[in-house]
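Raw contents of protein_18.txt, compact mmCIF, C-alpha atoms:
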# COMPACT_ATOMS: atom_id res chain seq x y z
CA MET A 1 -73.60 -130.46 90.45
CA MET A 2 -69.83 -130.86 90.57
CA GLU A 3 -68.24 -134.17 89.68
CA PRO A 4 -65.67 -135.61 92.14
CA TRP A 5 -62.80 -134.70 89.80
CA GLU A 6 -63.96 -131.08 89.67
CA ILE A 7 -64.04 -130.93 93.46
CA TRP A 8 -60.48 -132.31 93.49
CA VAL A 9 -59.20 -129.81 90.86
CA ARG A 10 -60.80 -126.94 92.77
CA SER A 11 -59.22 -128.18 96.04
CA THR A 12 -55.65 -127.88 94.71
CA ALA A 13 -53.31 -125.12 95.90
CA LEU A 14 -52.89 -123.96 92.28
CA SER A 15 -56.64 -123.43 91.87
CA ALA A 16 -56.80 -121.39 95.09
CA PHE A 17 -53.73 -119.39 94.05
CA VAL A 18 -55.16 -118.46 90.62
CA LEU A 19 -58.57 -117.54 92.07
CA GLU A 20 -57.13 -115.54 95.00
CA ARG A 21 -54.74 -113.51 92.84
CA ALA A 22 -57.64 -112.21 90.73
CA PRO A 23 -58.09 -109.73 89.16
CA TRP A 24 -54.52 -109.14 87.97
CA LEU A 25 -53.19 -112.70 87.67
CA TRP A 26 -55.70 -113.94 85.07
CA PRO A 27 -54.98 -111.20 82.47
CA THR A 28 -51.24 -111.67 83.13
CA LEU A 29 -51.51 -115.41 82.45
CA GLU A 30 -53.56 -114.66 79.31
CA THR A 31 -50.85 -112.29 78.08
CA LEU A 32 -48.20 -114.97 78.70
CA HIS A 33 -50.45 -117.48 76.89
CA PHE A 34 -50.64 -115.18 73.84
CA LEU A 35 -46.87 -114.57 73.94
CA GLY A 36 -46.38 -118.34 74.05
CA LEU A 37 -48.66 -118.99 71.07
CA SER A 38 -47.01 -116.18 69.09
CA THR A 39 -43.59 -117.72 69.73
CA LEU A 40 -44.91 -121.13 68.69
CA ILE A 41 -46.56 -119.89 65.49
CA GLY A 42 -43.56 -117.63 64.71
CA THR A 43 -41.09 -120.52 64.88
CA ILE A 44 -42.87 -123.80 64.11
CA GLY A 45 -45.25 -121.97 61.74
CA LEU A 46 -42.43 -120.25 59.87
CA PHE A 47 -40.50 -123.53 59.60
CA ASP A 48 -43.61 -125.22 58.17
CA LEU A 49 -44.06 -122.35 55.72
CA ARG A 50 -40.43 -122.65 54.52
CA VAL A 51 -40.93 -126.36 53.80
CA LEU A 52 -44.16 -125.40 51.99
CA GLY A 53 -42.15 -123.01 49.79
CA VAL A 54 -42.14 -119.59 51.51
CA ALA A 55 -38.73 -117.84 51.89
CA LYS A 56 -37.04 -120.62 49.93
CA ALA A 57 -33.62 -118.98 50.20
CA ILE A 58 -33.46 -120.32 53.77
CA PRO A 59 -32.07 -123.87 54.18
CA PRO A 60 -34.79 -125.57 56.31
CA ALA A 61 -32.21 -127.23 58.58
CA ALA A 62 -30.89 -123.82 59.60
CA LEU A 63 -34.41 -122.55 60.35
CA HIS A 64 -35.07 -125.71 62.38
CA ARG A 65 -32.84 -124.22 65.12
CA LEU A 66 -35.83 -122.00 65.99
CA ILE A 67 -37.96 -125.04 66.92
CA PRO A 68 -36.73 -125.25 70.56
CA TRP A 69 -38.18 -121.73 71.03
CA GLY A 70 -41.52 -122.99 69.72
CA ILE A 71 -41.40 -125.90 72.15
CA GLY A 72 -40.60 -123.36 74.90
CA GLY A 73 -43.66 -121.35 73.84
CA PHE A 74 -45.75 -124.52 74.01
CA GLY A 75 -44.35 -125.19 77.52
CA VAL A 76 -45.40 -121.71 78.68
CA ASN A 77 -48.87 -122.32 77.25
CA LEU A 78 -49.15 -125.77 78.82
CA LEU A 79 -48.33 -124.30 82.27
CA THR A 80 -50.60 -121.25 81.91
CA GLY A 81 -53.27 -123.53 80.43
CA ILE A 82 -53.12 -125.82 83.48
CA ALA A 83 -53.48 -122.73 85.69
CA PHE A 84 -56.61 -121.63 83.74
CA PHE A 85 -58.06 -125.14 83.96
CA SER A 86 -57.41 -125.42 87.70
CA ALA A 87 -59.38 -122.26 88.44
CA TYR A 88 -62.46 -123.02 86.29
CA PRO A 89 -62.30 -126.71 85.32
CA GLU A 90 -65.94 -126.94 84.19
CA GLN A 91 -65.45 -124.00 81.81
CA TYR A 92 -63.11 -126.22 79.80
CA ALA A 93 -64.19 -129.80 80.48
CA TYR A 94 -67.72 -129.23 79.13
CA ASN A 95 -66.76 -126.91 76.30
CA SER A 96 -66.80 -128.18 72.71
CA ALA A 97 -64.28 -125.54 71.61
CA PHE A 98 -61.85 -126.91 74.23
CA HIS A 99 -62.45 -130.48 73.03
CA TRP A 100 -61.65 -129.43 69.45
CA LYS A 101 -58.58 -127.54 70.69
CA LEU A 102 -57.29 -130.72 72.36
CA ALA A 103 -58.08 -132.72 69.23
CA PHE A 104 -56.09 -130.30 67.03
CA MET A 105 -53.19 -130.51 69.53
CA ALA A 106 -53.30 -134.31 69.34
CA VAL A 107 -53.15 -134.10 65.53
CA ALA A 108 -50.20 -131.67 65.76
CA ALA A 109 -48.36 -134.01 68.17
CA LEU A 110 -48.95 -137.15 66.08
CA ASN A 111 -48.05 -135.23 62.96
CA ALA A 112 -44.78 -134.04 64.55
CA ALA A 113 -43.89 -137.69 65.23
CA VAL A 114 -44.64 -138.52 61.59
CA PHE A 115 -42.52 -135.55 60.47
CA TYR A 116 -39.44 -136.65 62.42
CA SER A 117 -39.74 -140.26 61.31
CA ALA A 118 -40.71 -139.74 57.67
CA ALA A 119 -39.48 -136.32 56.51
CA PHE A 120 -36.76 -134.91 58.76
CA ARG A 121 -33.91 -136.83 57.07
CA GLU A 122 -34.84 -135.27 53.73
CA ILE A 123 -35.37 -131.79 55.22
CA ARG A 124 -31.94 -131.85 56.93
CA THR A 125 -30.19 -132.12 53.58
CA LEU A 126 -32.40 -129.66 51.71
CA GLY A 127 -30.36 -126.65 50.55
CA ALA A 128 -31.19 -123.02 49.97
CA GLY A 129 -33.74 -122.61 47.18
CA ALA A 130 -34.63 -126.31 47.07
CA GLN A 131 -38.21 -127.53 46.97
CA ALA A 132 -39.28 -130.10 49.56
CA SER A 133 -40.90 -133.38 48.50
CA ARG A 134 -44.68 -133.65 48.27
CA ARG A 135 -44.64 -135.87 51.37
CA ALA A 136 -42.76 -133.28 53.47
CA ARG A 137 -45.10 -130.53 52.24
CA ILE A 138 -48.21 -132.52 53.18
CA ILE A 139 -46.84 -133.18 56.68
CA THR A 140 -45.85 -129.56 57.33
CA GLY A 141 -49.16 -128.39 55.82
CA ILE A 142 -51.00 -130.54 58.37
CA SER A 143 -48.78 -129.07 61.12
CA LEU A 144 -49.57 -125.49 60.13
CA ALA A 145 -53.30 -126.21 59.74
CA SER A 146 -53.52 -127.97 63.10
CA TRP A 147 -51.80 -125.10 64.98
CA ILE A 148 -54.15 -122.64 63.28
CA GLY A 149 -56.97 -124.90 64.47
CA VAL A 150 -55.61 -124.85 68.03
CA LEU A 151 -55.43 -121.04 68.01
CA THR A 152 -58.91 -120.68 66.47
CA CYS A 153 -60.53 -122.97 69.06
CA GLY A 154 -58.66 -121.23 71.87
CA ARG A 155 -59.95 -117.84 70.82
CA LEU A 156 -63.51 -119.24 70.55
CA LEU A 157 -63.41 -120.96 73.98
CA THR A 158 -65.26 -118.24 75.88
CA PHE A 159 -68.21 -118.35 73.46
CA TYR A 160 -68.82 -122.03 74.16
CA ARG A 161 -68.83 -122.03 77.94
CA PRO A 162 -71.31 -124.50 79.42
CA PRO A 163 -74.54 -122.80 80.60
CA PHE A 164 -73.85 -123.78 84.22
CA PHE A 165 -70.49 -122.00 84.20
CA HIS A 166 -70.07 -120.15 87.47
CA MET B 1 -67.93 -87.55 70.95
CA ASP B 2 -70.71 -89.67 72.42
CA ALA B 3 -73.01 -88.66 69.58
CA LEU B 4 -70.43 -89.85 67.05
CA PHE B 5 -69.87 -93.11 68.93
CA ALA B 6 -73.62 -93.66 69.20
CA TRP B 7 -74.04 -93.04 65.46
CA VAL B 8 -71.36 -95.61 64.63
CA GLU B 9 -72.82 -98.09 67.13
CA ALA B 10 -76.29 -97.69 65.57
CA SER B 11 -74.98 -98.34 62.03
CA SER B 12 -75.98 -101.59 60.40
CA LEU B 13 -72.34 -102.80 60.11
CA SER B 14 -71.63 -102.20 63.80
CA THR B 15 -74.88 -103.89 64.81
CA TRP B 16 -74.23 -106.83 62.49
CA ILE B 17 -70.74 -107.43 63.92
CA ARG B 18 -72.04 -107.33 67.50
CA GLU B 19 -75.31 -109.19 67.10
CA ALA B 20 -75.33 -111.40 64.00
CA ASP B 21 -75.93 -115.00 64.99
CA THR B 22 -73.10 -116.37 62.86
CA ILE B 23 -69.58 -117.46 63.68
CA PHE B 24 -68.37 -115.23 60.83
CA ALA B 25 -69.39 -112.01 62.61
CA PHE B 26 -67.87 -111.10 66.00
CA GLN B 27 -66.32 -114.52 66.71
CA GLY B 28 -64.75 -114.91 63.28
CA ILE B 29 -63.35 -111.37 63.37
CA LEU B 30 -61.77 -112.07 66.79
CA VAL B 31 -60.23 -115.28 65.41
CA LEU B 32 -58.83 -113.40 62.40
CA HIS B 33 -57.41 -110.74 64.76
CA ALA B 34 -55.75 -113.37 66.98
CA LEU B 35 -54.32 -115.30 63.99
CA GLY B 36 -53.03 -112.11 62.34
CA MET B 37 -51.43 -110.96 65.59
CA GLY B 38 -49.94 -114.41 66.25
CA PHE B 39 -48.23 -114.55 62.86
CA LEU B 40 -47.27 -110.85 62.89
CA ALA B 41 -45.79 -110.74 66.40
CA GLY B 42 -44.42 -114.30 66.18
CA GLY B 43 -42.85 -113.78 62.75
CA ASN B 44 -41.25 -110.55 63.89
CA ALA B 45 -40.01 -112.32 67.03
CA ALA B 46 -38.39 -115.05 64.90
CA ILE B 47 -36.58 -112.43 62.79
CA ASN B 48 -35.46 -110.61 65.95
CA LEU B 49 -34.25 -113.87 67.52
CA ARG B 50 -32.17 -114.52 64.40
CA ILE B 51 -30.64 -111.03 64.66
CA LEU B 52 -29.87 -111.74 68.34
CA GLY B 53 -27.96 -114.88 67.41
CA VAL B 54 -30.46 -117.76 67.36
CA ALA B 55 -30.27 -120.02 64.27
CA ARG B 56 -27.13 -118.25 63.02
CA ARG B 57 -26.89 -120.41 59.90
CA VAL B 58 -30.04 -118.83 58.51
CA PRO B 59 -28.83 -116.19 56.01
CA LEU B 60 -30.06 -112.82 57.33
CA ALA B 61 -31.15 -111.57 53.92
CA ALA B 62 -33.19 -114.75 53.38
CA MET B 63 -35.22 -113.97 56.53
CA ALA B 64 -36.65 -111.01 54.58
CA GLY B 65 -38.50 -113.64 52.51
CA PHE B 66 -41.05 -113.81 55.31
CA PHE B 67 -41.98 -110.14 54.97
CA PRO B 68 -44.90 -110.74 52.55
CA LEU B 69 -46.36 -113.11 55.17
CA LEU B 70 -45.89 -110.43 57.84
CA TRP B 71 -47.63 -107.78 55.71
CA ILE B 72 -50.56 -110.14 55.02
CA SER B 73 -50.77 -110.82 58.78
CA PHE B 74 -50.70 -107.09 59.48
CA ALA B 75 -53.47 -106.50 56.93
CA ALA B 76 -55.59 -109.23 58.58
CA SER B 77 -54.99 -107.72 62.03
CA LEU B 78 -55.71 -104.18 60.80
CA VAL B 79 -58.93 -105.01 58.93
CA SER B 80 -60.25 -107.16 61.79
CA GLY B 81 -59.14 -104.51 64.30
CA VAL B 82 -61.01 -101.76 62.45
CA LEU B 83 -64.13 -103.97 62.35
CA LEU B 84 -63.86 -104.55 66.12
CA LEU B 85 -63.47 -100.78 66.56
CA ILE B 86 -66.62 -100.21 64.48
CA ALA B 87 -68.44 -102.74 66.68
CA TYR B 88 -67.41 -101.08 69.96
CA PRO B 89 -66.01 -97.56 69.34
CA THR B 90 -66.84 -96.24 72.84
CA LYS B 91 -65.23 -99.26 74.50
CA ALA B 92 -61.92 -98.76 72.68
CA LEU B 93 -61.67 -94.99 72.25
CA THR B 94 -62.49 -94.10 75.87
CA ASN B 95 -59.76 -96.46 77.13
CA PRO B 96 -56.27 -94.81 77.37
CA LEU B 97 -54.69 -98.25 76.98
CA PHE B 98 -56.12 -98.48 73.44
CA TYR B 99 -53.93 -95.53 72.41
CA VAL B 100 -50.91 -97.20 74.06
CA LYS B 101 -51.60 -100.29 71.94
CA VAL B 102 -52.01 -98.30 68.70
CA GLY B 103 -48.85 -96.30 69.45
CA ALA B 104 -46.83 -99.46 70.13
CA ILE B 105 -48.16 -101.03 66.89
CA ALA B 106 -47.20 -97.92 64.89
CA LEU B 107 -43.66 -98.00 66.30
CA ALA B 108 -43.29 -101.78 65.86
CA ILE B 109 -44.59 -101.65 62.26
CA GLY B 110 -42.36 -98.65 61.56
CA LEU B 111 -39.35 -100.66 62.73
CA MET B 112 -40.05 -103.50 60.28
CA PRO B 113 -38.74 -101.82 57.08
CA ILE B 114 -35.83 -100.34 59.07
CA ILE B 115 -34.83 -103.81 60.30
CA ARG B 116 -35.32 -105.27 56.80
CA ASP B 117 -33.30 -102.64 54.95
CA ARG B 118 -30.58 -101.80 57.48
CA VAL B 119 -30.07 -105.16 59.18
CA LEU B 120 -31.36 -108.07 57.07
CA ARG B 121 -30.30 -106.63 53.70
CA ASP B 122 -27.20 -104.85 54.96
CA PRO B 123 -24.26 -106.47 53.06
CA ALA B 124 -22.12 -106.12 56.19
CA GLY B 125 -24.76 -108.08 58.07
CA ALA B 126 -23.76 -111.29 56.33
CA HIS B 127 -20.95 -111.64 58.83
CA GLU B 128 -21.26 -113.34 62.17
CA SER B 129 -21.07 -110.33 64.46
CA LEU B 130 -23.81 -107.78 63.98
CA PRO B 131 -23.33 -104.23 65.18
CA ALA B 132 -24.78 -103.37 68.57
CA ARG B 133 -27.26 -101.10 66.79
CA ALA B 134 -28.82 -104.10 65.03
CA ARG B 135 -29.21 -105.93 68.36
CA ARG B 136 -30.79 -102.86 69.94
CA LEU B 137 -33.33 -102.64 67.10
CA ALA B 138 -34.20 -106.32 67.56
CA ILE B 139 -34.65 -105.96 71.34
CA LEU B 140 -36.75 -102.80 70.87
CA SER B 141 -38.95 -104.62 68.35
CA LEU B 142 -39.40 -107.60 70.73
CA LEU B 143 -40.34 -105.30 73.63
CA LEU B 144 -42.81 -103.38 71.45
CA TRP B 145 -44.57 -106.60 70.33
CA ILE B 146 -44.75 -107.81 73.93
CA GLY B 147 -46.30 -104.42 74.78
CA VAL B 148 -48.81 -104.69 71.92
CA ILE B 149 -49.93 -108.16 73.06
CA GLY B 150 -50.08 -107.17 76.75
CA ALA B 151 -52.05 -104.00 76.01
CA GLY B 152 -54.33 -105.85 73.60
CA ARG B 153 -55.18 -108.56 76.11
CA LEU B 154 -55.73 -106.04 78.90
CA LEU B 155 -58.22 -104.04 76.77
CA ALA B 156 -60.82 -106.67 77.70
CA TYR B 157 -60.35 -105.82 81.40
CA THR B 158 -59.69 -102.09 81.55
CA TYR B 159 -62.51 -100.41 79.61
CA SER B 160 -64.78 -98.10 81.59
CA ARG B 161 -67.67 -97.81 79.11
CA LEU B 162 -68.93 -100.49 76.72
CA MET B 163 -71.20 -98.38 74.49
CA ALA B 164 -72.12 -94.69 74.19
CA TYR B 165 -75.55 -94.97 75.77
CA SER B 166 -75.19 -97.79 78.25
CA VAL B 167 -74.68 -97.96 81.97
CA PRO B 168 -71.02 -98.27 83.00
CA THR B 169 -69.97 -101.83 83.60
CA GLY B 170 -68.68 -102.33 87.09
CA PHE B 171 -65.84 -104.67 86.21
Represent the supplied structure as structure tokens.
Amino acid sequence: MMEPWEIWVRSTALSAFVLERAPWLWPTLETLHFLGLSTLIGTIGLFDLRVLGVAKAIPPAALHRLIPWGIGGFGVNLLTGIAFFSAYPEQYAYNSAFHWKLAFMAVAALNAAVFYSAAFREIRTLGAGAQASRRARIITGISLASWIGVLTCGRLLTFYRPPFFH
Amino acid sequence: MDALFAWVEASSLSTWIREADTIFAFQGILVLHALGMGFLAGGNAAINLRILGVARRVPLAAMAGFFPLLWISFAASLVSGVLLLIAYPTKALTNPLFYVKVGAIALAIGLMPIIRDRVLRDPAGAHESLPARARRLAILSLLLWIGVIGAGRLLAYTYSRLMAYSVPTGF
């Protein structure tokens, strides 16, 4: 039995577009989704790792210029994610892996706000070879862990589809 | 070849990966593969973006400091990939796209030490303007990683046979 919101999502033009363009559109969107997550993990993840002490010869402020690319990757994944959701809303809405994925994203977002208010000033002045404070390392460690959590839950999504998935 | 595929598929390791009722079998291996690929392709992309002029204040040679991470990511992708191959040898090895993916990976991995030694650690590379050759290497690497990811994702849709002795799947 479909809830009213599911009927609405399935009535949108986007939902019809994604379903009608099968079979080639879905794998194309999935490929874009993986390219987006790779860009995100390759920029935000590498920045987090530098603050944690990897590739210390890089001044973190210089590496921070890669972050807009990570945000771009997230934007691609938000758009492709909305397209996935519009086609099969119940696959996601009643899926514990999807709930955990959203929770990890919420942690990453809150943590990013904490980073820019409590650690960015220090990181901006950190030179090549310098070690970040314990506080900055905890915050970037949470960032890295939460993005790994997002990716893990995303990959596990299909195994936790609700039984009435159609 | 079917006899060989069937023998692998009947092995206890292959069966365990496919059928074990634990998140650490098939599901965990897929997660490891996705994480390895994400860090490997994404880390390479970041290095290539730097070569192409993004985040210019990052010293090129310092970018090589991420190579141990990239090799660990490659090892994770390779080990998990081999385990997935052991789980479904027919599915992968009867799909021409699988060989495209492996070929693109071999070329992209082969480019990594070339980019590290001739671009990142090239003393002349410390200057602002990199030679066109360096930019071409970076673009080639980016295209190869896009190809690896595209081919990898499409493997789930393009196989003609799942296992050696099973009816062909119609989709």
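Considering all atoms listed in the file, the residue among A:Ala113, A:Leu25, A:Ile142, A:Leu78 positioned nearest to chain B is A:Leu25.
Across the structure, atom CA of A:Gly141 and atom CA of B:Trp71 are spaced 20.7 Å apart.
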Which residues come within 10 Å of A:Ala93, counting only C-alpha atoms, excluding same-chain residues fewer than 5 positions away, as a JSON list (two decimals) with C-alpha atoms, in the frame of the given file?
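Below is the file that was written, selection-v5.json:
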[["chain", "number", "residue", "atom", "x", "y", "z"],
["A", 6, "GLU", "CA", -63.96, -131.08, 89.67],
["A", 85, "PHE", "CA", -58.06, -125.14, 83.96],
["A", 88, "TYR", "CA", -62.46, -123.02, 86.29],
["A", 98, "PHE", "CA", -61.85, -126.91, 74.23],
["A", 99, "HIS", "CA", -62.45, -130.48, 73.03],
["A", 161, "ARG", "CA", -68.83, -122.03, 77.94],
["A", 162, "PRO", "CA", -71.31, -124.50, 79.42]]
Problem set entry | Polymer residues at most 12 Å from B:Ala45, all atoms listed in the file, same-chain spacing of 6 or more positions, as a VMD selection string | (chain A and resid 35 to 43 46 66 69 to 70 73) or (chain B and resid 37 to 39 51 to 52 54 63 66 70 108 112 137 to 146)
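Taking atom CA of A:Thr125 and atom CA of B:Ala41 as endpoints, the distance between them is 29.4 Å.
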For this session: Up to 10 Å from (-55.2, -128.4, 66.1) in the file's coordinates: name the residues, counting all atoms listed in the file, as a list in words.
Result: Trp100, Lys101, Leu102, Ala103, Phe104, Met105, Ala106, Val107, Ala108, Ala109, Ile142, Ser143, Leu144, Ala145, Ser146, Trp147, Ile148, Gly149, Val150, Leu151, Thr152, Cys153 and Gly154 of chain A
Atoms to include: C-alpha atoms. Write the selected residues as a CSV table (one decimal), keeping the file's coordinate frame.
chain,number,residue,atom,x,y,z
A,100,TRP,CA,-61.6,-129.4,69.4
A,101,LYS,CA,-58.6,-127.5,70.7
A,102,LEU,CA,-57.3,-130.7,72.4
A,103,ALA,CA,-58.1,-132.7,69.2
A,104,PHE,CA,-56.1,-130.3,67.0
A,105,MET,CA,-53.2,-130.5,69.5
A,106,ALA,CA,-53.3,-134.3,69.3
A,107,VAL,CA,-53.2,-134.1,65.5
A,108,ALA,CA,-50.2,-131.7,65.8
A,109,ALA,CA,-48.4,-134.0,68.2
A,142,ILE,CA,-51.0,-130.5,58.4
A,143,SER,CA,-48.8,-129.1,61.1
A,144,LEU,CA,-49.6,-125.5,60.1
A,145,ALA,CA,-53.3,-126.2,59.7
A,146,SER,CA,-53.5,-128.0,63.1
A,147,TRP,CA,-51.8,-125.1,65.0
A,148,ILE,CA,-54.2,-122.6,63.3
A,149,GLY,CA,-57.0,-124.9,64.5
A,150,VAL,CA,-55.6,-124.8,68.0
A,151,LEU,CA,-55.4,-121.0,68.0
A,152,THR,CA,-58.9,-120.7,66.5
A,153,CYS,CA,-60.5,-123.0,69.1
A,154,GLY,CA,-58.7,-121.2,71.9
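Minimum atom-to-atom distances from B:Ser12, B:Thr22, B:Thr94, B:Gln27 to chain A were compared using all atoms listed in the file, and the lowest value belongs to B:Gln27.
Shortest atom-to-atom contact with B:Ile115 among B:Ala151, B:Phe67, B:Lys91, B:Phe24: B:Phe67, counting only C-alpha atoms.
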